[in-house]
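J.: Have a look at this one.
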2 protein chains.
Amino acid sequence: MATLADVARRAGVSPATASRVINGSSKPVADELRERVMQAVAELRYVPNAYAQLLARSDRTAVGVIVHDVSDPYFAEVTRGLQRVATERGRLLIICNSYRDPERELEYVELLRGQQVAALILAGSGYHDPAFTTLLNEKLAAYEATGGRVAVIGRHEHSGDAVMPANEDGGYLVGRELLALGHRMVGVIAGPRVLTTTTDRIAGLRRAFAAQGLTLPEEHICYAGFDRDGGVQATGALLDAVPGLTAVVALNDQMAIGALALLRSRGIAVPERVSVTGFDDMPIARDVTPALTTVRLPLVEMGVRAMTLALDPGTTGGRVEVLAAELVRRDSTGPAPA
Amino acid sequence: MATLADVARRAGVSPATASRVINGSSKPVADELRERVMQAVAELRYVPNAYAQLLARSDRTAVGVIVHDVSDPYFAEVTRGLQRVATERGRLLIICNSYRDPERELEYVELLRGQQVAALILAGSGYHDPAFTTLLNEKLAAYEATGGRVAVIGRHEHSGDAVMPANEDGGYLVGRELLALGHRMVGVIAGPRVLTTTTDRIAGLRRAFAAQGLTLPEEHICYAGFDRDGGVQATGALLDAVPGLTAVVALNDQMAIGALALLRSRGIAVPERVSVTGFDDMPIARDVTPALTTVRLPLVEMGVRAMTLALDPGTTGGRVEVLAAELVRRDSTGPAPA
DNA sequence: GGCGCATAGGTAAGCGCTTTCCCGAAAAGC
DNA sequence: GCTTTTCGGGAAAGCGCTTACCTATGCGCC
């Protein structure tokens, strides 16, 4: 690889001058020298070593993002929002997938710190794991102590700036809707119980039941992976365990799609015999059959807000922005069968 | 931020010793000193500056990946394959989205070179744009000249190692199937015509028609965005332009889903009145209604192969691996109506 | 007991770049 | 005509780390 020194030599100038023309420094350089440098750059196909540059400049401009999985539509949307603001402000994003592994999350915090990121954004549910939470908070605090900024999305355990989707409210909305439709035998197919998102959504659901003087028994909740396959599996289990079930509440759209697939394969009509609801309102929710009744979360907006919080210093730490959930009625829900 | 020097000072050792214990150097260090260093690291919450490290070590271990959009399921799958091999080999992946912008692609090649990546992988259709292709090839050649490795996925314009999905064959399979079902009025909803993937798939389709002594008129092809909305739009246009249409060939699954949505909204039964086919076999293809007949491409495998090519020096440049396409029959296709 | 050698630790030279500071020459001012 | 500015360019000091090389021990050996 050609270096700056090579370029300077070939152009017959000092490295300082070469650097100045290459970076468009404010310091003026004579046209002739400029020309010679440009020429040398082209001939040598010189590309500056990013590491050397970053080291020398010591300006921290990149932003680190830790999500569960970018290819998960939920995070794809959130990331889109993050990206938009980052691009506007000329920030590079370094995106890391934790695949819901707390260990890996911790590692990535270190890694990103090592990358000298100006800010760190953690998106995605937290864990019911005090030991981990303490560790993470401690690491984040250490990072903030050196001037780093932190913002989290959908995690209440962290003390800094946060954007919170109204998961509990969303659960409540679904519960209320189903109860209003006359459903009483309601099953829940949930993501891993260790995730706060899972428990928050269930809490909302329970609140809706409680408001009617009803309860949602724990046996009606089946935990599985937060994806299509988890939905298939959990729905199967639920159907076997709870005779007379008239509604399946999936805690995200992917699981709902799995539920739909399983119900179809068993020849159970939706919503005539069983209603199904999703959560998140992913783009495909309207394309499955029947189109999914679900809870819309402003995912892109969440990303936008989080990045804005992270990039705008903010006088008071611990700003929390809660974004509302909204019920979207489509065709997968109907009155409970008599 | 604490530096290595700070750690060394606090532990009362030289930076060299500190570095050795932190990196687990092969050079032995007395337990007591080791202990002191570890202690200092913990107290100062020291994290090595990745840039300084990379600069000093000058080992290129990261691999750059340029895709159109990771959140697009097609690339999500490919990336999964890339990731798998990279992780196995202890390589870090730097993923960049070009959003199908050739300009941005060029920029990312530079950026990744600057990041000192050991290899570069370009995934996703090439462009019918000789000027761009020349420019890109030239940049890649420059990169390879300095010892970088390059592998491309689904691009024939580059001379180096390549993994090619059988796009043309896939098009042929769809065409043959539809013709066998008696369809004659076939419309195509295609991605941007500037993409080689688009034209390759159409070429296969045409070959199938030609095999029967038929032709696929250009007016039966409608170009639009390679996504759901593009599918909606193109299908609408096609329906208006071609009366008596009995089949819609979408050039990817996302467009097919858009087609399904539009046909449903117009009350046109699939496959009774119009058959629809997709391409790629995304996971959701089986969850839409009717389940999509499509062409399966081994996306994950493509990623695996490409990363393997990139990481294994390979004696002969220009290795090309073609991966077969396979027709998956589901419920969105049926005999042409009489 | 003196020699040599292995061995743990330190010294310092970079890695490739940016940027401050300084110098010389030309332009401006009297 | 001489001094004072101004201004373009270069020398060199880092940025934070790794590592080759060197030094000072302590040991075994004859």
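By order in the structure tokens, chains are A, B, ...; within a chain, residues start at 1; ligands start at 1, following the order shown.
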Would you pick out the contacts of segment 258-264 of chain A at 10 Å or less, using only C-alpha atoms (C1' of nucleotides), so that residues sharing its chain but fewer than 5 positions from it are not included, and give the list as number ranges by chain?
T.: A: 189, 227-236, 239, 248-250, 253, 269-271, 273-278, 288-290, 292, 332; B: 286-288
J.: For a quick test of understanding: name the residues of chain B lying within 9 Å of chain C when counting only C-alpha atoms (C1' of nucleotides), and present them as a list in words.
T.: Val13, Ser14, Pro15, Ala16, Thr17, Lys27, Pro28, Val29, Ala30, Ala52, Leu54, Leu55, Ala56, Arg57 and Ser58 of chain B
J.: Please, which residues of chain A lie no more than 6 Å from chain B when the count uses only C-alpha atoms, and can they be set out as a ChimeraX atom specification?
T.: /A:1,47-51,55,71,76,114-115,146,288-289
J.: What residues in chain D have any atom no more than 10 Å from chain B when counting only C-alpha atoms (C1' of nucleotides), and can you write them as JSON, numbers by chain?
T.: {"D": [15, 16, 17, 18, 19]}
J.: Those selected residues, please, written with C-alpha atoms (C1' of nucleotides) and delivered as a compact mmCIF listing (two decimals), in the first residue's frame.
T.:
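Listed below is the output, result25.txt:
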# COMPACT_ATOMS: atom_id res chain seq x y z
C1' DC D 15 -1.63 10.23 18.44
C1' DG D 16 -1.51 5.18 21.43
C1' DC D 17 0.19 1.13 20.63
C1' DT D 18 3.53 -3.10 19.48
C1' DT D 19 7.85 -5.28 19.26
J.: What is the distance between atom CA of Leu92 of chain A and atom CA of His68 of chain A, in Å to one decimal?
T.: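 According to the coordinates, atom CA of Leu92 of chain A and atom CA of His68 of chain A are separated by 19.4 Å.
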J.: Quote the spacing between atom CA of Met307 of chain A and atom CA of Ala118 of chain A in Å to one decimal place.
T.: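 So the two atoms, atom CA of Met307 of chain A and atom CA of Ala118 of chain A, lie 11.5 Å apart.
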